[in-house]
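Next comes data_22.csv, with CSV, C-alpha atoms and all ligand atoms.
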chain,number,residue,atom,x,y,z
A,7,MET,CA,27.1,17.5,6.2
A,8,ALA,CA,25.0,20.2,7.9
A,9,LYS,CA,22.1,19.2,10.1
A,10,LEU,CA,18.8,20.4,8.5
A,11,LEU,CA,16.4,19.0,11.1
A,12,GLU,CA,17.0,18.2,14.7
A,13,VAL,CA,14.1,16.6,16.7
A,14,LYS,CA,14.8,16.6,20.4
A,15,ASP,CA,12.8,14.8,23.1
A,16,LEU,CA,9.6,15.0,21.1
A,17,THR,CA,6.7,14.0,23.3
A,18,VAL,CA,3.1,14.0,22.0
A,19,SER,CA,-0.1,13.0,23.7
A,20,PHE,CA,-3.8,12.9,22.7
A,21,HIS,CA,-6.5,13.6,25.2
A,22,THR,CA,-9.4,11.2,24.7
A,23,TYR,CA,-12.5,10.3,26.7
A,24,ALA,CA,-10.6,7.2,27.9
A,25,GLY,CA,-7.6,9.3,29.1
A,26,GLU,CA,-4.2,10.5,27.8
A,27,VAL,CA,-2.8,8.5,24.9
A,28,GLN,CA,1.0,8.9,25.0
A,29,SER,CA,1.7,8.5,21.3
A,30,VAL,CA,5.2,9.7,21.0
A,31,ARG,CA,7.5,9.4,24.0
A,32,GLY,CA,10.8,11.3,24.0
A,33,VAL,CA,11.8,10.8,20.3
A,34,SER,CA,15.1,12.4,19.2
A,35,PHE,CA,16.8,12.2,15.8
A,36,ASP,CA,18.3,14.4,13.1
A,37,LEU,CA,18.3,14.6,9.4
A,38,GLU,CA,21.2,15.9,7.3
A,39,GLU,CA,21.2,17.6,3.9
A,40,GLY,CA,20.4,15.2,1.1
A,41,GLU,CA,20.1,12.1,3.2
A,42,THR,CA,17.2,9.6,3.5
A,43,LEU,CA,16.0,8.6,6.9
A,44,ALA,CA,13.4,5.8,7.1
A,45,ILE,CA,11.2,5.6,10.2
A,46,VAL,CA,9.8,2.1,10.4
A,47,GLY,CA,7.3,0.5,12.7
A,48,GLU,CA,3.8,-1.0,13.0
A,49,SER,CA,0.6,1.1,12.9
A,50,GLY,CA,0.2,3.2,16.1
A,51,CYS,CA,3.9,3.2,16.9
A,52,GLY,CA,4.1,7.0,16.6
A,53,LYS,CA,5.8,7.4,13.2
A,54,THR,CA,3.0,9.4,11.6
A,55,VAL,CA,2.5,11.6,14.7
A,56,THR,CA,6.2,12.3,14.6
A,57,SER,CA,6.1,13.4,11.0
A,58,LYS,CA,2.9,15.5,11.4
A,59,SER,CA,4.4,17.2,14.5
A,60,ILE,CA,7.3,18.4,12.2
A,61,MET,CA,4.7,20.0,9.9
A,62,ARG,CA,2.8,21.2,13.0
A,63,LEU,CA,-0.3,19.3,11.7
A,64,ILE,CA,-1.3,17.9,15.1
A,65,ALA,CA,-4.7,19.3,15.9
A,66,THR,CA,-4.6,20.9,19.4
A,67,PRO,CA,-6.8,19.7,21.1
A,68,PRO,CA,-7.0,16.7,21.2
A,69,GLY,CA,-3.3,16.6,20.5
A,70,GLU,CA,-0.6,18.2,22.7
A,71,ILE,CA,3.1,18.5,22.0
A,72,LYS,CA,4.6,18.5,25.4
A,73,GLU,CA,6.8,21.2,26.9
A,74,GLY,CA,10.5,20.4,26.4
A,75,SER,CA,10.0,19.1,22.9
A,76,GLN,CA,12.1,20.7,20.2
A,77,ILE,CA,12.0,20.5,16.4
A,78,LEU,CA,14.8,22.6,15.0
A,79,PHE,CA,14.8,23.4,11.2
A,80,GLU,CA,18.1,25.0,10.3
A,81,GLY,CA,18.4,25.9,14.0
A,82,LYS,CA,15.0,27.5,14.4
A,83,ASP,CA,12.3,25.8,16.5
A,84,ILE,CA,9.3,25.0,14.4
A,85,LEU,CA,7.2,24.5,17.6
A,86,LYS,CA,7.7,28.2,18.4
A,87,MET,CA,7.0,29.6,14.9
A,88,ASN,CA,4.1,31.9,14.3
A,89,ASP,CA,1.5,31.3,11.5
A,90,LYS,CA,3.4,33.4,8.9
A,91,GLU,CA,6.7,31.6,9.5
A,92,LEU,CA,4.9,28.2,9.4
A,93,ARG,CA,3.3,29.0,6.1
A,94,GLU,CA,6.7,29.9,4.6
A,95,ILE,CA,8.2,26.7,5.9
A,96,ARG,CA,5.4,24.4,4.7
A,97,GLY,CA,5.7,23.6,1.0
A,98,GLU,CA,8.7,25.9,0.5
A,99,SER,CA,11.2,24.3,2.9
A,100,ILE,CA,9.4,21.1,4.1
A,101,SER,CA,6.8,19.2,2.0
A,102,MET,CA,4.8,16.1,2.8
A,103,ILE,CA,3.1,13.4,0.7
A,104,PHE,CA,0.6,11.1,2.2
A,105,GLN,CA,-0.5,7.5,1.8
A,106,ASP,CA,-3.6,8.1,-0.3
A,107,PRO,CA,-3.1,10.7,-3.0
A,108,MET,CA,-6.9,10.7,-3.6
A,109,THR,CA,-7.6,12.2,-0.2
A,110,SER,CA,-4.7,14.7,-0.5
A,111,LEU,CA,-5.5,16.0,-4.0
A,112,ASN,CA,-8.4,18.4,-4.5
A,113,PRO,CA,-10.9,16.5,-6.7
A,114,THR,CA,-12.4,19.8,-8.0
A,115,MET,CA,-9.1,21.4,-9.2
A,116,LYS,CA,-7.1,20.6,-12.3
A,117,ILE,CA,-3.7,18.9,-11.5
A,118,GLY,CA,-1.8,21.8,-13.1
A,119,ASN,CA,-3.5,24.4,-10.9
A,120,GLN,CA,-2.7,22.3,-7.8
A,121,ILE,CA,1.0,22.3,-8.7
A,122,ALA,CA,0.8,26.0,-9.7
A,123,GLU,CA,-0.8,27.1,-6.4
A,124,SER,CA,2.4,26.7,-4.3
A,125,LEU,CA,4.5,28.3,-7.0
A,126,ILE,CA,2.3,31.4,-7.1
A,127,ILE,CA,2.3,31.6,-3.3
A,128,HIS,CA,5.9,30.8,-2.5
A,129,ARG,CA,7.8,31.8,-5.7
A,130,GLY,CA,5.7,34.8,-6.7
A,131,MET,CA,5.1,33.4,-10.3
A,132,ASN,CA,2.2,34.6,-12.3
A,133,LYS,CA,-0.4,31.9,-13.4
A,134,LYS,CA,1.1,31.4,-16.9
A,135,GLU,CA,4.7,30.9,-15.6
A,136,ALA,CA,3.4,28.6,-12.8
A,137,LEU,CA,1.5,26.4,-15.3
A,138,GLU,CA,4.5,26.2,-17.5
A,139,GLU,CA,6.5,25.1,-14.5
A,140,ALA,CA,3.7,22.6,-13.6
A,141,VAL,CA,4.2,20.9,-17.0
A,142,LYS,CA,8.0,20.7,-16.3
A,143,MET,CA,7.2,19.1,-12.9
A,144,LEU,CA,4.9,16.6,-14.4
A,145,LYS,CA,7.6,15.7,-16.9
A,146,LEU,CA,10.1,15.4,-14.1
A,147,VAL,CA,8.0,12.8,-12.3
A,148,ASN,CA,7.6,10.9,-15.6
A,149,ILE,CA,4.0,11.6,-16.4
A,150,PRO,CA,3.6,11.1,-20.2
A,151,ASN,CA,1.8,13.7,-22.3
A,152,ALA,CA,2.3,16.3,-19.5
A,153,GLU,CA,1.0,19.2,-21.7
A,154,LYS,CA,-2.4,17.5,-21.8
A,155,ARG,CA,-2.3,16.0,-18.3
A,156,VAL,CA,-1.8,19.3,-16.7
A,157,ASN,CA,-5.4,20.3,-17.6
A,158,GLN,CA,-6.9,17.1,-16.2
A,159,TYR,CA,-8.6,16.4,-12.9
A,160,PRO,CA,-7.3,13.8,-10.3
A,161,HIS,CA,-10.0,11.3,-11.2
A,162,GLU,CA,-8.6,11.1,-14.8
A,163,PHE,CA,-5.2,9.9,-13.3
A,164,SER,CA,-4.4,6.3,-12.3
A,165,GLY,CA,-3.4,5.6,-8.6
A,166,GLY,CA,0.3,5.6,-9.5
A,167,MET,CA,0.0,8.8,-11.6
A,168,ARG,CA,-1.8,10.5,-8.7
A,169,GLN,CA,1.0,9.7,-6.4
A,170,ARG,CA,3.5,11.1,-9.0
A,171,ALA,CA,1.3,14.2,-9.2
A,172,MET,CA,1.5,14.5,-5.4
A,173,ILE,CA,5.3,14.2,-5.6
A,174,ALA,CA,5.3,17.0,-8.3
A,175,ILE,CA,3.2,19.2,-6.0
A,176,ALA,CA,5.5,18.5,-3.0
A,177,LEU,CA,8.7,19.2,-5.0
A,178,ALA,CA,7.4,22.2,-7.0
A,179,CYS,CA,9.2,24.7,-4.7
A,180,ASN,CA,12.3,22.6,-4.4
A,181,PRO,CA,12.0,22.0,-0.6
A,182,LYS,CA,14.9,21.0,1.5
A,183,ILE,CA,13.0,18.1,3.1
A,184,LEU,CA,10.4,15.8,1.7
A,185,ILE,CA,8.4,13.8,4.2
A,186,ALA,CA,6.8,10.8,2.5
A,187,ASP,CA,4.3,9.1,4.8
A,188,GLU,CA,3.6,5.5,3.6
A,189,PRO,CA,3.8,6.8,0.0
A,190,THR,CA,3.3,3.4,-1.6
A,191,THR,CA,0.9,1.6,0.7
A,192,ALA,CA,-2.2,2.3,-1.4
A,193,LEU,CA,-0.5,1.2,-4.6
A,194,ASP,CA,0.1,-2.2,-6.1
A,195,VAL,CA,3.5,-3.8,-5.9
A,196,THR,CA,4.9,-2.9,-9.4
A,197,ILE,CA,3.8,0.7,-9.0
A,198,GLN,CA,5.2,0.8,-5.5
A,199,ALA,CA,8.7,0.0,-6.9
A,200,GLN,CA,8.3,2.7,-9.6
A,201,ILE,CA,7.4,5.3,-7.0
A,202,MET,CA,10.3,4.4,-4.7
A,203,ASP,CA,12.7,4.5,-7.7
A,204,LEU,CA,11.2,7.9,-8.6
A,205,ILE,CA,11.8,9.3,-5.1
A,206,ARG,CA,15.4,8.0,-5.2
A,207,GLU,CA,16.0,9.4,-8.7
A,208,LEU,CA,14.6,12.9,-7.7
A,209,GLN,CA,16.5,12.9,-4.5
A,210,ASN,CA,19.8,12.4,-6.5
A,211,LYS,CA,18.8,15.0,-9.0
A,212,LEU,CA,17.5,17.7,-6.6
A,213,GLY,CA,19.5,16.9,-3.4
A,214,THR,CA,16.3,16.9,-1.2
A,215,ALA,CA,16.6,15.2,2.2
A,216,VAL,CA,13.8,12.6,2.5
A,217,MET,CA,12.1,11.3,5.6
A,218,LEU,CA,10.3,8.0,4.6
A,219,ILE,CA,7.7,6.7,7.0
A,220,THR,CA,6.7,3.1,6.5
A,221,HIS,CA,5.6,-0.1,8.2
A,222,ASP,CA,7.6,-2.2,5.6
A,223,LEU,CA,11.3,-2.6,6.1
A,224,GLY,CA,11.5,-4.2,2.7
A,225,VAL,CA,10.5,-0.9,1.0
A,226,VAL,CA,13.4,1.1,2.5
A,227,ALA,CA,16.4,-1.3,1.8
A,228,ASN,CA,17.4,0.4,-1.4
A,229,VAL,CA,16.4,3.9,-0.6
A,230,ALA,CA,17.3,4.8,3.0
A,231,SER,CA,20.8,5.8,4.2
A,232,LYS,CA,19.7,5.4,7.8
A,233,ILE,CA,16.8,3.8,9.6
A,234,GLN,CA,15.2,4.2,13.0
A,235,VAL,CA,12.7,1.6,14.3
A,236,MET,CA,9.9,2.9,16.4
A,237,TYR,CA,7.8,0.9,18.8
A,238,ALA,CA,5.1,2.1,21.2
A,239,GLY,CA,6.0,5.7,20.8
A,240,LYS,CA,9.8,5.2,21.2
A,241,VAL,CA,12.8,4.8,19.0
A,242,ILE,CA,14.1,1.4,20.0
A,243,GLU,CA,16.9,1.0,17.5
A,244,LYS,CA,18.6,3.2,15.0
A,245,GLY,CA,21.6,2.9,12.6
A,246,THR,CA,22.7,3.0,9.0
A,247,THR,CA,20.8,0.8,6.6
A,248,ASP,CA,23.6,-1.8,6.6
A,249,GLU,CA,23.8,-1.8,10.4
A,250,LEU,CA,20.1,-2.5,10.7
A,251,PHE,CA,19.9,-5.0,7.9
A,252,PHE,CA,23.1,-7.0,8.7
A,253,ASN,CA,23.7,-6.4,12.4
A,254,ALA,CA,20.3,-5.6,14.1
A,255,LYS,CA,20.4,-6.0,17.8
A,256,HIS,CA,16.8,-5.5,18.9
A,257,PRO,CA,14.3,-8.5,18.9
A,258,TYR,CA,11.6,-6.3,17.4
A,259,THR,CA,13.9,-5.3,14.5
A,260,TRP,CA,14.7,-9.0,14.1
A,261,ALA,CA,10.9,-9.7,13.9
A,262,LEU,CA,10.4,-6.9,11.4
A,263,LEU,CA,13.2,-8.3,9.2
A,264,LYS,CA,11.7,-11.8,9.4
A,265,SER,CA,8.4,-10.4,8.3
A,266,VAL,CA,9.8,-9.2,5.0
A,267,PRO,CA,8.9,-11.6,2.2
A,268,ARG,CA,12.1,-12.9,0.4
A,269,LEU,CA,12.7,-14.4,-3.0
A,270,ASP,CA,13.5,-17.7,-1.4
A,271,THR,CA,10.2,-17.8,0.4
A,272,GLY,CA,8.3,-20.9,-0.9
A,273,HIS,CA,4.7,-20.4,-2.1
A,274,LYS,CA,3.5,-22.7,0.7
A,275,ASP,CA,5.6,-21.0,3.4
A,276,GLU,CA,3.6,-18.9,5.8
A,277,LEU,CA,4.8,-15.3,6.2
A,278,TYR,CA,6.2,-14.5,9.6
A,279,SER,CA,3.9,-12.4,11.9
A,280,ILE,CA,4.8,-11.0,15.3
A,281,LYS,CA,2.7,-12.5,18.0
A,282,GLY,CA,0.6,-10.4,20.3
A,283,THR,CA,-0.3,-6.7,20.1
A,284,PRO,CA,1.5,-3.5,21.0
A,285,PRO,CA,0.9,-2.1,24.5
A,286,ASP,CA,-1.9,0.2,25.3
A,287,LEU,CA,-0.4,3.7,25.2
A,288,LEU,CA,-3.1,5.0,27.7
A,289,LYS,CA,-0.9,3.1,30.2
A,290,PRO,CA,2.5,2.4,28.7
A,291,PRO,CA,4.4,-0.3,30.6
A,292,VAL,CA,7.2,0.8,33.0
A,293,GLY,CA,9.7,-1.6,31.5
A,294,CYS,CA,10.5,-2.5,27.9
A,295,PRO,CA,7.3,-1.9,25.8
A,296,PHE,CA,8.1,-5.0,23.7
A,297,ALA,CA,8.3,-7.3,26.7
A,298,SER,CA,4.9,-9.0,26.3
A,299,ARG,CA,5.8,-10.1,22.7
A,300,CYS,CA,9.5,-10.8,23.1
A,301,ASP,CA,11.0,-14.3,23.0
A,302,TYR,CA,14.0,-13.2,25.0
A,303,CYS,CA,12.2,-11.3,27.8
A,304,MET,CA,13.9,-11.4,31.2
A,305,GLN,CA,12.6,-10.2,34.6
A,306,ILE,CA,14.3,-6.8,34.4
A,307,CYS,CA,12.7,-6.2,31.0
A,308,LYS,CA,9.3,-6.0,32.7
A,309,GLU,CA,10.6,-3.7,35.5
A,310,GLU,CA,12.8,-1.1,33.9
A,311,MET,CA,13.0,0.6,30.5
A,312,PRO,CA,16.3,-0.6,28.9
A,313,GLU,CA,19.1,1.9,28.8
A,314,LEU,CA,20.4,3.2,25.5
A,315,THR,CA,23.4,1.2,24.3
A,316,LYS,CA,25.7,2.8,21.7
A,317,LEU,CA,27.1,0.1,19.5
A,318,SER,CA,28.9,2.5,17.1
A,319,GLU,CA,28.8,6.2,16.2
A,320,THR,CA,25.6,5.6,14.2
A,321,HIS,CA,24.1,2.5,15.8
A,322,SER,CA,22.2,2.4,19.1
A,323,VAL,CA,19.6,0.2,20.7
A,324,HIS,CA,17.3,0.1,23.8
A,325,CYS,CA,17.4,-3.6,24.9
A,326,TRP,CA,18.6,-5.3,28.1
A,327,LEU,CA,20.2,-8.0,26.0
A,328,GLN,CA,23.0,-5.5,25.3
A,329,HIS,CA,23.7,-5.1,29.0
A,330,PRO,CA,27.2,-6.6,29.9
A,331,LEU,CA,25.5,-8.9,32.5
A,332,ALA,CA,22.8,-10.2,30.1
A,333,PRO,CA,23.0,-13.7,28.8
A,334,LYS,CA,24.5,-13.8,25.3
A,335,VAL,CA,21.9,-14.3,22.6
A,336,GLU,CA,22.8,-14.9,19.0
A,337,ALA,CA,20.7,-13.0,16.4
A,338,PRO,CA,18.3,-15.5,14.7
A,339,ILE,CA,19.2,-16.4,11.1
A,340,ILE,CA,16.9,-14.2,9.1
A,341,GLY,CA,18.2,-14.9,5.6
A,342,GLU,CA,19.2,-12.2,3.2
A,343,VAL,CA,16.7,-9.6,2.7
A,344,GLN,CA,16.6,-8.5,-1.0
A,345,LYS,CA,18.2,-5.1,-1.2
A,401,LIG,FE1,13.1,-8.2,24.7
A,401,LIG,FE2,14.0,-7.5,27.1
A,401,LIG,FE3,15.2,-6.6,24.9
A,401,LIG,FE4,12.8,-5.7,25.5
A,401,LIG,S1,14.6,-5.4,26.7
A,401,LIG,S2,13.4,-6.4,23.5
A,401,LIG,S3,11.9,-7.6,26.4
A,401,LIG,S4,15.1,-8.7,25.6
How would this structure read if it were set down as structure tokens?
Amino acid sequence: MAKLLEVKDLTVSFHTYAGEVQSVRGVSFDLEEGETLAIVGESGCGKTVTSKSIMRLIATPPGEIKEGSQILFEGKDILKMNDKELREIRGESISMIFQDPMTSLNPTMKIGNQIAESLIIHRGMNKKEALEEAVKMLKLVNIPNAEKRVNQYPHEFSGGMRQRAMIAIALACNPKILIADEPTTALDVTIQAQIMDLIRELQNKLGTAVMLITHDLGVVANVASKIQVMYAGKVIEKGTTDELFFNAKHPYTWALLKSVPRLDTGHKDELYSIKGTPPDLLKPPVGCPFASRCDYCMQICKEEMPELTKLSETHSVHCWLQHPLAPKVEAPIIGEVQK
């Protein structure tokens, strides 16, 4: 499959009163047509900064995308595009939905007009055609009574329906890439499942490539074709969904997998939480960024960033445990995560 997006050595910092926060540190990955890539990690690991960099939504200053970073969309560097080229890409080729639809929707505009806006701008439709298309989009995202709903305001929609409306806006121009940043975090669990099912269903129908940003590995099991785990601004492990769920090699990925609640978790069992806190990105550690929280930490982990170990064509990891001279450590028994 053709590569739609290639992110190469993306490095992003924020200049604050306390100093330079190195939020994203040399991140590289690619996204092919129609596939779903999940980017997983705790808050502050750099996943949202990565996705906002792709849309060029990093405010400069205080943000700074460093020289040498490249974000190629169909071979063209988004970081070098002028305002006109960027406007054409946003919404038409790459769309984004955010965690809280209430802060992304315009409360003073009818939902139909919000969907119609991008169709008028990017597709050259007149208002009547765009509103007819908006009704179709609301039906596509399973909003009942779409003809009536198209004339309503966001406050008349429930949380789940607002997120569906956001998806309708994002997909109105049939973009090649949909970036979904924690699309279900603000929703309750049953609605979360419906929204994830909807994203998967629409992806199959429309062939859109999806970049799913989440802190919850459990959310991505049924949706993603490949996963990359980020920690302290770096990708520390990546692979296909099966490689990450059944053959993870990084202690942080093991910890994330252990944190996913399972059906066999008893009601009195405590949920697993990862001890400690991520490192301060004002002064990232020289060695492995997970060292202070890792049960398998060795002296070299504190002194040198682990090299990249390729385990297969698709699976790679940064961890000294994969070095040929490292002691052999069996992956902990995590139990089957519900897929
Ligand atoms: Fe743990 Fe060392 Fe691997 Fe880092 S490199 S995850 S500290 S074993």
Open item on the list: Ranking A:Thr220, A:Ser279, A:Ser322, A:Ser298 by minimum distance to ligand LIG 401 (chain A) and counting all atoms listed in the file, which one comes first?
Closed with: A:Ser298
Task: Residues within 8 Å of ligand LIG 401 (chain A), counting all atoms listed in the file, as a count of residues only - done: 25
Open item on the list: What's the separation between atom CA of A:Met143 and atom CA of A:Phe79, in Å to one decimal place?
Closed with: 25.6 Å
Task: Among listed residues A:Glu135, A:Glu188, A:Glu319, A:Glu70, nearest A:Leu16 (using all atoms listed in the file) - done: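 For A:Leu16, the nearest of the candidates is A:Glu70.
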Open item on the list: Can you measure atom CA of A:Met131 to atom CA of A:Leu111 for me? One decimal in Å is fine.
Closed with: 21.3 Å
